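First comes the structure, then the notes that go with it.
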Amino acid sequence: MCIPLTPCIIPLRVIPESVHERIFAGAFNHLLRGQGLTARLGEIDGKSVTIRVTDIPCEFHFRFQAGRLRAATRQRMGDVTISGTLAGFLRLATRKEDPDTLFFRRELNIEGETETGVHIKNILDSLEYDWDAHFDAVLFPPLAKGAKLFLHIVRRNCPQKFLHLITMPDHQERSE
């Protein structure tokens, strides 16, 4: 299947994969700040993962090291390879569908070292992003308090059809 060169696809085809890897790893590590998920990454320390987007096509190589995601040097294959279409990865990233559904329907496939693959899938499955903890971890306390207040006000007053743009579907409003 040929993907048309839409504005969102062009950077994936034109910019070198090594640049994408560094940008994605930096964004991922920034978003991890304040999240409980970081404790679980120690279990896969030293493991590598290859993300293969089949319809673009492109591959990204990463290694988990000291609780962080790092761009990895090219290798034959990671300990685990997760492959699928760009649409499948976007549904996973935005939590529009849970990982079990995407893997069961074969929209995403995981292969390689079984134990590491299961661990990564379980991490994805249990992911619930905590924006409040993230703001506390990355912002000066008065700014964090203001950012959290603003986000909670927006969530309460945002029309339902736009709510998915500012929160994860599984998010439970915390009582303060």
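Naming scheme: A, B, ... for chains in displayed order of the structure tokens; residues 1 onward per chain; ligands 1 onward as shown.
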Could you go through chain A and tell me which residues DSSP, when run on the backbone, assigns to strand (DSSP E or B), listing them as a list in words?
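Of chain A, only Ser48, Val49, Thr50, Ile51, Arg52, Val53, Cys58, Glu59, Phe60, His61, Phe62, Arg63, Phe64, Gln65, Arg68, Leu69, Arg70, Ala71, Val80, Thr81, Ile82, Ser83, Gly84, Leu108, Asn109, Ile110, Glu111 and Gly112 of chain A fall in strand (DSSP E or B).
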Using DSSP on the backbone, list every residue of chain A that comes out as helix (DSSP H, G or I), and give them as JSON, numbers by chain.
{"A": [10, 11, 12, 13, 14, 17, 18, 19, 20, 21, 22, 23, 24, 25, 26, 27, 28, 29, 30, 31, 32, 37, 38, 39, 40, 41, 42, 43, 44, 86, 87, 88, 89, 90, 91, 92, 93, 99, 100, 101, 102, 103, 104, 114, 115, 116, 117, 118, 119, 120, 121, 122, 123, 124, 125, 126, 131, 132, 133, 134, 135, 136, 137, 138, 141, 142, 143, 144, 145, 146, 147, 148, 149, 150, 151, 152, 153, 154, 155, 156, 157, 160, 161, 162, 163]}
Just want the 10 Å neighbourhood of Thr38 (chain A), counted on only C-alpha atoms, with same-chain residues fewer than 3 positions away dropped. Output as a count of residues only.
11
Quick one: residues within 9 Å of Leu127 (chain A), only C-alpha atoms counted, chain neighbours fewer than 4 positions away excluded, as a ChimeraX atom specification?
/A:37,122-123
Pick from A:Arg63, A:Arg13, A:Asp136, A:Ile51: nearest to Phe89 (chain A), with only C-alpha atoms counted?
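Checking each of A:Arg63, A:Arg13, A:Asp136, A:Ile51 against Phe89 (chain A), counting only C-alpha atoms, the winner is A:Ile51.
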